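Visitor: Following this line is data_10.txt, made up of compact mmCIF, C-alpha atoms:
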# COMPACT_ATOMS: atom_id res chain seq x y z
CA MET A 236 0.00 0.00 0.00
CA PRO A 237 1.46 3.44 -0.96
CA GLU A 238 2.65 5.55 1.93
CA THR A 239 0.47 8.52 2.89
CA LEU A 240 2.29 11.87 2.91
CA VAL A 241 1.53 15.16 4.63
CA PHE A 242 1.02 18.20 2.36
CA SER A 243 0.76 21.88 3.26
CA TYR A 244 -1.52 23.96 1.07
CA THR A 245 -2.66 27.53 0.57
CA GLY A 246 -5.75 28.42 -1.39
CA ARG A 247 -8.75 30.71 -1.76
CA ASP A 248 -12.30 29.73 -0.79
CA THR A 249 -15.56 30.74 -2.48
CA ARG A 250 -15.69 34.00 -0.48
CA GLY A 251 -12.23 35.01 -1.66
CA LYS A 252 -10.66 34.37 1.72
CA ASN A 253 -7.15 32.94 1.86
CA VAL A 254 -6.98 29.60 3.67
CA LYS A 255 -4.13 27.28 4.55
CA GLY A 256 -3.71 23.96 6.23
CA ARG A 257 -2.27 20.46 6.16
CA VAL A 258 -3.77 17.29 4.76
CA ASP A 259 -2.77 13.62 4.43
CA ALA A 260 -2.81 12.30 0.86
CA LEU A 261 -0.94 10.01 -1.53
CA ASN A 262 0.12 12.82 -3.89
CA SER A 263 -0.43 16.49 -4.67
CA GLY A 264 -3.09 15.65 -7.26
CA GLN A 265 -5.25 14.01 -4.62
CA VAL A 266 -4.84 17.11 -2.43
CA ALA A 267 -5.97 19.36 -5.31
CA ALA A 268 -9.00 17.17 -5.92
CA ARG A 269 -9.98 17.32 -2.24
CA LEU A 270 -9.60 21.09 -2.12
CA ASN A 271 -11.68 21.56 -5.25
CA SER A 272 -14.43 19.37 -3.78
CA GLN A 273 -14.48 21.69 -0.75
CA GLY A 274 -14.76 24.81 -2.89
CA ILE A 275 -11.13 25.85 -2.36
CA ALA A 276 -8.98 26.93 -5.30
CA PRO A 277 -5.45 25.70 -4.53
CA MET A 278 -2.62 28.20 -5.04
CA SER A 279 0.26 26.11 -3.69
CA ILE A 280 0.65 22.51 -2.56
CA VAL A 281 3.96 21.36 -1.10
CA GLU A 282 5.00 18.28 0.83
CA ALA A 283 5.43 19.19 4.50
CA ALA A 284 8.77 18.35 6.05
CA PRO A 285 8.57 16.30 9.27
CA SER A 286 9.08 18.36 12.38
CA THR A 287 12.37 17.73 14.15
CA GLY A 288 14.44 19.18 16.95
CA MET A 289 13.14 22.40 18.49
CA ALA A 290 10.38 22.65 15.87
CA ARG A 291 8.70 19.52 17.17
CA SER A 292 5.78 20.12 19.48
CA ILE A 293 6.35 18.87 23.01
CA SER A 294 3.59 16.89 24.70
CA LEU A 295 4.09 15.87 28.32
CA PRO A 296 1.92 13.05 29.67
CA GLY A 297 -0.58 14.39 32.18
CA PHE A 298 -0.04 18.05 31.17
CA THR A 299 -1.83 18.10 27.79
CA ARG A 300 -5.22 19.78 28.00
CA GLY A 301 -7.94 17.56 26.57
CA VAL A 302 -11.31 18.38 25.01
CA GLY A 303 -13.67 19.79 27.62
CA LEU A 304 -17.37 19.06 27.91
CA LYS A 305 -18.20 22.74 27.40
CA ASP A 306 -16.27 22.75 24.10
CA LEU A 307 -18.21 19.67 22.97
CA ALA A 308 -21.51 21.31 23.91
CA ILE A 309 -20.73 24.42 21.88
CA MET A 310 -19.45 22.35 18.95
CA SER A 311 -22.56 20.13 18.95
CA ARG A 312 -24.90 23.12 19.03
CA GLN A 313 -23.10 24.83 16.14
CA PHE A 314 -22.87 21.58 14.20
CA ALA A 315 -26.63 21.00 14.58
CA THR A 316 -27.38 24.55 13.40
CA MET A 317 -25.22 24.21 10.29
CA ILE A 318 -26.59 20.77 9.36
CA SER A 319 -30.20 21.97 9.74
CA ALA A 320 -29.31 24.98 7.53
CA GLY A 321 -28.28 22.63 4.73
CA LEU A 322 -24.49 22.83 4.89
CA SER A 323 -22.56 19.74 3.88
CA LEU A 324 -20.73 17.71 6.49
CA LEU A 325 -17.30 18.63 5.13
CA ARG A 326 -18.03 22.34 5.03
CA ALA A 327 -19.55 22.29 8.51
CA LEU A 328 -16.54 20.41 9.88
CA ARG A 329 -14.16 22.87 8.23
CA ILE A 330 -16.00 25.83 9.77
CA LEU A 331 -16.02 24.17 13.19
CA THR A 332 -12.29 23.46 12.92
CA GLU A 333 -11.52 27.08 12.08
CA GLN A 334 -13.71 28.82 14.65
CA THR A 335 -13.37 26.67 17.77
CA ASP A 336 -11.29 28.19 20.57
CA SER A 337 -10.08 24.78 21.75
CA LYS A 338 -6.85 23.76 20.04
CA PRO A 339 -7.19 20.07 21.01
CA LEU A 340 -10.73 20.00 19.59
CA ALA A 341 -9.61 21.77 16.41
CA ALA A 342 -6.87 19.19 15.90
CA VAL A 343 -9.29 16.28 16.36
CA LEU A 344 -11.94 17.84 14.12
CA SER A 345 -9.34 18.23 11.39
CA LEU A 346 -8.66 14.49 11.55
CA VAL A 347 -12.40 13.75 11.57
CA ARG A 348 -12.88 15.92 8.48
CA ASN A 349 -10.10 14.04 6.66
CA ASP A 350 -11.73 10.70 7.54
CA VAL A 351 -15.16 11.88 6.36
CA GLU A 352 -13.58 13.20 3.17
CA ALA A 353 -12.01 9.76 2.64
CA GLY A 354 -15.47 8.16 2.71
CA GLN A 355 -16.12 7.29 6.36
CA SER A 356 -19.36 8.11 8.12
CA ILE A 357 -19.27 10.90 10.67
CA SER A 358 -20.01 8.48 13.53
CA ASP A 359 -17.17 6.13 12.53
CA ALA A 360 -14.81 9.10 12.23
CA LEU A 361 -15.80 10.31 15.72
CA ALA A 362 -15.45 6.80 17.16
CA GLN A 363 -11.75 6.76 16.24
CA HIS A 364 -11.13 9.42 18.92
CA PRO A 365 -12.63 8.00 22.15
CA LEU A 366 -10.62 10.37 24.37
CA ALA A 367 -12.27 13.37 22.70
CA PHE A 368 -15.80 12.14 21.94
CA PRO A 369 -17.65 10.08 24.61
CA PRO A 370 -19.56 6.93 23.59
CA ILE A 371 -22.96 8.57 24.14
CA MET A 372 -22.12 11.21 21.53
CA VAL A 373 -20.84 8.69 18.99
CA ASN A 374 -23.88 6.43 19.31
CA MET A 375 -26.41 9.27 19.17
CA VAL A 376 -24.71 10.62 16.04
CA ARG A 377 -24.77 7.12 14.52
CA ALA A 378 -28.49 6.80 15.27
CA GLY A 379 -29.13 10.26 13.86
CA GLU A 380 -27.33 9.70 10.57
CA THR A 381 -28.95 6.27 10.17
CA GLY A 382 -32.45 7.63 10.80
CA GLY A 383 -31.96 10.85 8.84
CA PHE A 384 -32.24 13.23 11.82
CA LEU A 385 -28.60 14.08 12.47
CA ASP A 386 -29.40 17.72 13.28
CA ARG A 387 -31.88 16.72 16.01
CA ALA A 388 -29.45 14.17 17.41
CA LEU A 389 -26.73 16.80 17.61
CA GLY A 390 -29.19 19.20 19.26
CA SER A 391 -30.00 16.57 21.91
CA ILE A 392 -26.29 16.00 22.49
CA ALA A 393 -25.75 19.75 22.92
CA GLU A 394 -28.64 20.04 25.38
CA ASN A 395 -27.36 17.05 27.34
CA PHE A 396 -23.82 18.43 27.59
CA GLU A 397 -25.07 21.94 28.43
CA LYS A 398 -27.06 20.64 31.41
CA GLU A 399 -24.11 18.57 32.56
CA VAL A 400 -21.82 21.61 32.31
CA LYS A 401 -24.32 23.71 34.28
CA LEU A 402 -24.54 21.10 37.05
CA ARG A 403 -20.76 20.75 37.25
CA GLY A 404 -20.38 24.52 37.36
CA THR A 405 -22.86 24.81 40.23
CA ILE A 406 -21.01 22.19 42.26
CA LYS A 407 -17.60 23.66 41.48
CA SER A 408 -18.62 27.21 42.41
CA ALA A 409 -20.23 25.99 45.63
CA MET A 410 -17.11 24.08 46.69
CA THR A 411 -14.59 26.78 45.78
CA TYR A 412 -14.88 28.74 49.03
CA PRO A 413 -14.56 25.72 51.38
CA VAL A 414 -11.54 24.44 49.45
CA ILE A 415 -9.83 27.83 49.63
CA VAL A 416 -10.47 28.14 53.36
CA LEU A 417 -9.17 24.62 54.01
CA SER A 418 -6.06 25.28 51.88
CA MET A 419 -5.39 28.54 53.75
CA SER A 420 -5.71 26.79 57.10
CA VAL A 421 -3.25 24.07 56.07
CA ALA A 422 -0.81 26.70 54.75
CA ALA A 423 -1.11 28.75 57.96
CA VAL A 424 -0.40 25.71 60.13
CA MET A 425 2.64 24.77 58.01
CA ILE A 426 4.04 28.32 58.17
CA MET A 427 3.62 28.50 61.94
CA LEU A 428 5.23 25.10 62.50
CA ILE A 429 8.18 25.77 60.18
CA PHE A 430 8.94 29.45 60.87
CA ILE A 431 7.15 30.72 64.00
CA VAL A 432 7.43 27.85 66.48
CA PRO A 433 11.28 27.58 66.19
CA ILE A 434 11.59 31.26 67.23
CA PHE A 435 9.55 30.62 70.36
CA GLN A 436 11.45 27.37 70.93
CA ASP A 437 14.77 29.24 71.13
CA MET A 438 13.19 31.70 73.54
CA PHE A 439 11.78 28.90 75.72
CA ALA A 440 15.21 27.19 75.88
CA GLY A 441 16.67 30.25 77.58
CA LEU A 442 13.92 30.41 80.17
CA GLY A 443 14.57 26.98 81.67
CA GLY A 444 12.00 24.79 83.37
CA ALA A 445 9.55 22.28 81.93
CA LEU A 446 7.22 23.35 79.13
CA PRO A 447 3.46 22.78 79.39
CA LEU A 448 2.24 19.64 77.58
CA PRO A 449 0.49 21.51 74.69
CA THR A 450 3.68 23.49 74.07
CA GLN A 451 5.82 20.33 74.14
CA LEU A 452 3.56 18.68 71.58
CA LEU A 453 3.75 21.76 69.33
CA VAL A 454 7.55 21.89 69.58
CA SER A 455 7.80 18.18 68.77
CA MET A 456 5.62 18.64 65.71
CA SER A 457 7.78 21.57 64.60
CA GLU A 458 10.98 19.54 64.96
CA SER A 459 9.51 16.65 62.98
CA MET A 460 8.52 18.89 60.04
CA ILE A 461 12.02 18.48 58.61
CA TYR A 462 11.06 14.83 57.96
CA ILE A 463 7.31 15.20 57.40
CA VAL A 464 7.51 17.79 54.59
CA PRO A 465 9.84 15.88 52.19
CA ILE A 466 8.20 12.54 52.96
CA GLY A 467 4.78 14.10 52.43
CA LEU A 468 5.81 15.66 49.12
CA VAL A 469 7.27 12.40 47.81
CA ALA A 470 4.24 10.42 48.99
CA GLY A 471 1.84 12.97 47.48
CA ILE A 472 3.56 12.98 44.09
CA THR A 473 3.79 9.18 44.07
CA PHE A 474 0.12 8.81 44.95
CA ALA A 475 -0.89 11.38 42.31
CA LEU A 476 1.00 9.50 39.59
CA TRP A 477 -0.41 6.15 40.74
CA TRP A 478 -3.94 7.58 40.95
CA ARG A 479 -3.75 9.09 37.49
CA ARG A 480 -2.74 5.73 36.05
CA ASN A 481 -5.10 3.49 38.05
CA LYS A 482 -8.20 5.52 38.91
CA TYR A 483 -10.16 4.14 35.95
CA THR A 484 -9.19 0.50 36.44
CA ASP A 485 -11.96 -1.93 37.40
CA ARG A 486 -10.13 -3.00 40.55
CA VAL A 487 -9.99 0.56 41.95
CA ARG A 488 -13.46 1.58 40.79
CA ARG A 489 -15.04 -1.60 42.18
CA MET A 490 -13.61 -0.75 45.59
CA LEU A 491 -14.00 3.03 45.77
CA ASP A 492 -17.16 3.89 43.78
CA PRO A 493 -19.62 2.12 46.14
CA LEU A 494 -17.90 3.78 49.11
CA ARG A 495 -18.39 7.21 47.56
CA LEU A 496 -22.14 6.70 47.68
CA LYS A 497 -21.99 5.81 51.40
CA VAL A 498 -19.89 8.74 52.61
CA PRO A 499 -21.94 10.93 55.00
CA VAL A 500 -23.24 14.16 53.45
CA PHE A 501 -21.29 13.77 50.20
CA GLY A 502 -22.66 10.29 49.40
CA PRO A 503 -26.31 11.35 48.92
CA LEU A 504 -25.15 14.26 46.75
CA GLN A 505 -23.10 11.92 44.57
CA LYS A 506 -26.10 9.58 44.30
CA LYS A 507 -28.41 12.38 43.13
CA ILE A 508 -25.88 13.51 40.52
CA SER A 509 -25.47 9.94 39.24
CA VAL A 510 -29.23 9.35 39.01
CA ALA A 511 -29.71 12.65 37.16
CA ARG A 512 -26.94 11.76 34.71
CA PHE A 513 -28.37 8.26 34.15
CA SER A 514 -31.89 9.57 33.50
CA ARG A 515 -30.82 12.35 31.15
CA ASN A 516 -28.45 10.19 29.12
CA PHE A 517 -30.97 7.34 28.90
CA ALA A 518 -33.74 9.72 27.74
CA ASN A 519 -31.51 11.22 25.05
CA MET A 520 -30.38 7.80 23.83
CA LEU A 521 -33.95 6.55 23.53
CA GLY A 522 -35.02 9.79 21.85
CA ALA A 523 -32.27 9.35 19.28
CA GLY A 524 -33.51 5.87 18.44
CA VAL A 525 -30.70 3.87 20.05
CA PRO A 526 -31.85 0.31 20.96
CA ILE A 527 -32.62 -0.15 24.67
CA LEU A 528 -29.95 -2.77 25.38
CA GLN A 529 -27.26 -0.72 23.67
CA ALA A 530 -28.49 2.43 25.43
CA LEU A 531 -28.32 0.74 28.87
CA LYS A 532 -24.74 -0.36 28.19
CA ILE A 533 -23.62 3.10 27.09
CA VAL A 534 -25.49 4.88 29.91
CA GLY A 535 -23.80 2.58 32.42
CA GLU A 536 -20.36 3.33 30.99
CA THR A 537 -20.99 7.09 31.14
CA SER A 538 -22.59 7.10 34.61
CA GLY A 539 -19.27 7.81 36.32
CA ASN A 540 -19.85 5.21 39.06
CA TRP A 541 -19.06 1.50 38.99
CA ALA A 542 -22.02 0.61 41.23
CA ILE A 543 -24.50 2.13 38.76
CA GLU A 544 -22.68 0.61 35.79
CA ASN A 545 -22.84 -2.83 37.41
CA ALA A 546 -26.52 -2.38 38.27
CA LEU A 547 -27.40 -1.36 34.70
CA THR A 548 -25.50 -4.37 33.34
CA GLN A 549 -27.79 -6.60 35.40
CA VAL A 550 -30.83 -4.57 34.29
CA ALA A 551 -29.83 -5.13 30.65
CA GLU A 552 -29.63 -8.87 31.32
CA GLY A 553 -33.15 -8.78 32.74
CA VAL A 554 -34.46 -6.86 29.73
CA ARG A 555 -32.76 -9.39 27.44
CA ARG A 556 -34.72 -12.12 29.23
CA GLY A 557 -37.99 -10.30 28.53
CA GLN A 558 -38.47 -8.23 31.68
CA SER A 559 -39.42 -4.59 31.68
CA ILE A 560 -36.79 -2.00 32.65
CA SER A 561 -38.42 -1.17 35.98
CA GLU A 562 -38.56 -4.78 37.24
CA PRO A 563 -34.80 -5.49 37.56
CA LEU A 564 -34.21 -1.81 38.40
CA GLN A 565 -36.21 -2.25 41.64
CA GLU A 566 -33.71 -4.84 42.86
CA HIS A 567 -30.95 -2.23 43.19
CA ALA A 568 -31.17 0.13 46.15
CA ILE A 569 -29.02 2.71 44.40
CA PHE A 570 -32.10 3.75 42.39
CA PRO A 571 -34.73 5.44 44.61
CA ALA A 572 -38.28 4.06 44.62
CA MET A 573 -39.58 7.20 42.93
CA VAL A 574 -37.27 6.57 39.95
CA THR A 575 -38.37 2.98 39.44
CA GLN A 576 -42.06 3.86 39.87
CA MET A 577 -41.90 6.71 37.35
CA ILE A 578 -40.04 4.49 34.87
CA ALA A 579 -42.73 1.80 35.33
CA VAL A 580 -45.48 4.36 34.66
CA GLY A 581 -43.58 5.63 31.62
CA GLU A 582 -43.24 2.10 30.23
CA ASP A 583 -46.94 1.38 30.72
CA ALA A 584 -48.05 4.68 29.17
CA GLY A 585 -45.48 4.71 26.37
CA THR A 586 -43.93 7.93 27.69
CA LEU A 587 -40.65 6.57 29.03
CA GLU A 588 -38.51 9.28 27.46
CA MET A 589 -40.67 12.05 28.96
CA MET A 590 -40.59 10.40 32.40
CA LEU A 591 -36.80 10.09 32.27
CA ASP A 592 -36.53 13.78 31.39
CA LYS A 593 -38.70 14.67 34.40
CA ILE A 594 -36.57 12.46 36.67
CA ALA A 595 -33.39 14.13 35.38
CA ASP A 596 -34.80 17.64 35.94
CA PHE A 597 -35.96 16.72 39.45
CA TYR A 598 -32.62 15.30 40.53
CA ASP A 599 -30.75 18.18 38.91
CA GLN A 600 -32.68 20.53 41.18
CA GLU A 601 -32.14 18.20 44.15
CA ALA A 602 -28.40 18.12 43.51
CA GLN A 603 -28.22 21.92 43.28
CA ALA A 604 -30.24 22.35 46.47
CA ALA A 605 -28.09 19.77 48.28
CA THR A 606 -24.94 21.53 47.09
CA GLU A 607 -26.16 24.87 48.42
CA GLN A 608 -27.09 23.32 51.77
CA LEU A 609 -23.73 21.57 51.93
CA THR A 610 -21.93 24.85 51.30
CA ALA A 611 -23.99 26.65 53.95
CA MET A 612 -23.11 23.93 56.45
CA ILE A 613 -19.42 23.57 55.56
CA GLU A 614 -18.52 27.28 55.68
CA PRO A 615 -19.12 27.85 59.44
CA LEU A 616 -17.58 24.46 60.26
CA LEU A 617 -14.40 25.33 58.35
CA ILE A 618 -14.19 28.75 59.96
CA ALA A 619 -14.62 27.16 63.41
CA PHE A 620 -11.99 24.55 62.54
CA LEU A 621 -9.57 27.24 61.40
CA GLY A 622 -10.17 29.22 64.60
CA VAL A 623 -9.66 26.18 66.84
CA VAL A 624 -6.43 25.08 65.10
CA ILE A 625 -4.77 28.50 64.81
CA GLY A 626 -6.07 29.66 68.16
CA GLY A 627 -4.93 26.45 69.83
CA MET A 628 -1.43 26.86 68.42
CA VAL A 629 -1.23 30.48 69.59
CA ILE A 630 -2.39 29.52 73.09
CA ALA A 631 0.15 26.67 73.22
CA LEU A 632 2.92 29.12 72.29
CA TYR A 633 1.95 31.62 74.97
CA LEU A 634 1.31 29.16 77.82
CA PRO A 635 4.99 29.23 79.02
CA ILE A 636 4.92 33.03 79.04
CA PHE A 637 1.74 32.99 81.14
CA SER A 638 3.32 30.54 83.61
CA ILE A 639 6.46 32.71 83.95
CA ALA A 640 4.33 35.77 84.53
CA SER A 641 2.39 33.99 87.29
CA MET A 642 5.67 32.93 88.98
CA ILE A 643 6.97 36.49 88.92
CA LYS A 644 3.84 37.65 90.68
Could you quickly redo this structure as structure tokens?
Guide:
Amino acid sequence: MPETLVFSYTGRDTRGKNVKGRVDALNSGQVAARLNSQGIAPMSIVEAAPSTGMARSISLPGFTRGVGLKDLAIMSRQFATMISAGLSLLRALRILTEQTDSKPLAAVLSLVRNDVEAGQSISDALAQHPLAFPPIMVNMVRAGETGGFLDRALGSIAENFEKEVKLRGTIKSAMTYPVIVLSMSVAAVMIMLIFIVPIFQDMFAGLGGALPLPTQLLVSMSESMIYIVPIGLVAGITFALWWRRNKYTDRVRRMLDPLRLKVPVFGPLQKKISVARFSRNFANMLGAGVPILQALKIVGETSGNWAIENALTQVAEGVRRGQSISEPLQEHAIFPAMVTQMIAVGEDAGTLEMMLDKIADFYDQEAQAATEQLTAMIEPLLIAFLGVVIGGMVIALYLPIFSIASMIK
């Protein structure tokens, strides 16, 4: 098979605008034919030299920014608008590639456009980039192009991602203040132990006598910081690297995901978020015409929790045996009774998609309300914790001074 080469081109589109880019092809003639099919008049086509040395882009594992959910939501909404307006797939993909603000997404869309231009379907082209496009998006696009409603499928994807982005933003904004306060308290304690306590320790050594127990404990902690800090840094970096590599493995998820749902305060919030995500994704998959068994599999994979994924796998087995969705769903306590009852009513009335949408909206609101309550509860607790820790350290430092003052009197 002939080797594919990389060509750089410059040309002029139908609006008279100069365009340039890179494309994979067997020869320059194939590049010219592709450009002409896209409405671009080629002005120059040259084989691109491979990047070497300092010209080569550097990509460090773990530091490359991926495609965000917000970028996918915007792209899906724009894609749906252009398809419904009658633009061809290739032209829509070229416009999306040029106008997106996300460089990783632009790079992937360029590859998708080349694959579509080579004759692949848009869903197959998207499926080749699983790190950029989640399975729910690929399968809804496949259902849309098969059924002839690609624009509506893309609109459903955009709405799904937009709601997910909104929910994530609410949770992130609510947790920002507590995280900052906790980080400041840890930093304040570290500064006092490393820099302030040794000054008082030298002063106490000149006074003589035994130090009060709280002061002795504080001095011992300060002296041990020379070992704790480097060991803590090494352990933290090691754990971060291990976690990044293993957090998605079945062994880790099988152990940690069920525990997340049982953690006091945070567990119920995580459960509401997972149920909302399940309901919304399932409704969109069914609305796009994806078969139920395939939809259950994909919804489980995108739920973000192994317990729900495992439960939906068993639900799919029950459906395969001829049961309704609600029957095996009732056997799993992770799904509240209201969810299973509404799904049962939706199945009986033929309005399952509408019921799932209502469930998703309800648990979205529940998650937001729980997040606000959690924030209102955490803020005073963190402030009290900060006051107790810093105040306790200050009192421990001044206890010897108080005892000396009492002896002088």
Visitor: One number please: CA of Phe396 (chain A) to CA of Leu304 (chain A), in Å, one decimal.
Guide: 6.5 Å
Visitor: Please, what distance in Å, to one decimal, runs between CA of Gln603 (chain A) and CA of Leu531 (chain A)?
Guide: 25.6 Å
Visitor: Under the rule of at most 9 Å, produce a per-residue listing of region 403-499 of chain A near region 534-557 of chain A: chain, number, name, the closest pair of atoms, and the distance in Å, as a Markdown table, using only C-alpha atoms.
Guide:
| residue | atom | partner | partner_atom | distance |
| --- | --- | --- | --- | --- |
| A:Asp485 | CA | A:Trp541 | CA | 8.0 |
| A:Arg488 | CA | A:Trp541 | CA | 5.9 |
| A:Arg489 | CA | A:Trp541 | CA | 6.0 |
| A:Met490 | CA | A:Trp541 | CA | 8.9 |
| A:Leu491 | CA | A:Trp541 | CA | 8.6 |
| A:Asp492 | CA | A:Asn540 | CA | 5.6 |
| A:Pro493 | CA | A:Ala542 | CA | 5.7 |
| A:Arg495 | CA | A:Asn540 | CA | 8.9 |
| A:Leu496 | CA | A:Ala542 | CA | 8.9 |
Visitor: Go through region 312-391 of chain A and flag each residue having an atom no more than 9 Å from region 246-268 of chain A; for those, report the closest pair of atoms plus their distance in Å to one decimal, using all atoms listed in the file, ordered by chain and rising number, as CSV.
Guide:
residue,atom,partner,partner_atom,distance
A:Ser345,CA,A:Val258,CA,8.7
A:Leu346,CA,A:Val258,CA,8.8
A:Asn349,CA,A:Val258,CA,7.4
Visitor: Could you check how far CA of Pro526 (chain A) sits from CA of Ser311 (chain A), in Å to one decimal?
Guide: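 About the pair CA of Pro526 (chain A) and CA of Ser311 (chain A): they are 22.0 Å apart.
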Visitor: Could you give me, as a PyMOL selection string, the residues within 12 Å of Ile426 (chain A), counting only C-alpha atoms and dropping anything in the same chain fewer than 4 positions from it?
Guide: chain A and resi 419-422+430-433+457+460+464+625+628
Visitor: Give me the residues near region 325-337 of chain A as a ChimeraX atom specification, where near means some atom within 12 Å (using only C-alpha atoms) and where sequence neighbours in that chain fewer than 6 positions away do not count.
Guide: /A:248-249,254-256,269-270,272-275,300-319,343-357,360-361,367,386
Visitor: (-29.0, 15.6, 49.4) in this file's frame - what residues fall within 6 Å of it? Use only C-alpha atoms and give the answer as JSON, numbers by chain.
Guide: {"A": [503, 504, 605]}
Visitor: Keeping only C-alpha atoms, write the selected residues as a compact mmCIF listing (two decimals), keeping the file's coordinate frame.
Guide:
# COMPACT_ATOMS: atom_id res chain seq x y z
CA PRO A 503 -26.31 11.35 48.92
CA LEU A 504 -25.15 14.26 46.75
CA ALA A 605 -28.09 19.77 48.28
Visitor: Looking at A:Gln600, A:Asn374, A:Gln608, A:Ser243, which one is nearest to Asn516 (chain A), with distances taken over all atoms listed in the file?
Guide: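 Selected residue with least distance to Asn516 (chain A): A:Asn374.
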Visitor: Please return, as an NGL selection string, all polymer residues that have at least one atom within 10 Å of the point (-28.1, 23.0, 38.7); use all atoms listed in the file and the file's own coordinate frame.
Guide: :A and (398-406 or 508 or 596 or 598-604 or 606)
Visitor: Just checking: using all atoms listed in the file, which residue out of A:Ile630, A:Val416, A:Met375, A:Ala276 ends up closest to Leu453 (chain A)?
Guide: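 With all atoms listed in the file as the atom set, the closest residue is A:Ile630.
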Visitor: Extending 5 Å beyond the listed atoms of region 555-569 of chain A on each side, what axis-aligned box results? I want centre and edge lengths in Å to one decimal, as AutoDock Vina command-line options.
Guide:
--center_x -34.2 --center_y -4.7 --center_z 36.8 --size_x 20.4 --size_y 24.8 --size_z 28.7
Visitor: Looking at A:Ala572, A:Val498, A:Met410, A:Leu621, which one is nearest to Ile594 (chain A), with distances taken over only C-alpha atoms?
Guide: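 Under the stated criterion, the closest residue is A:Ala572.
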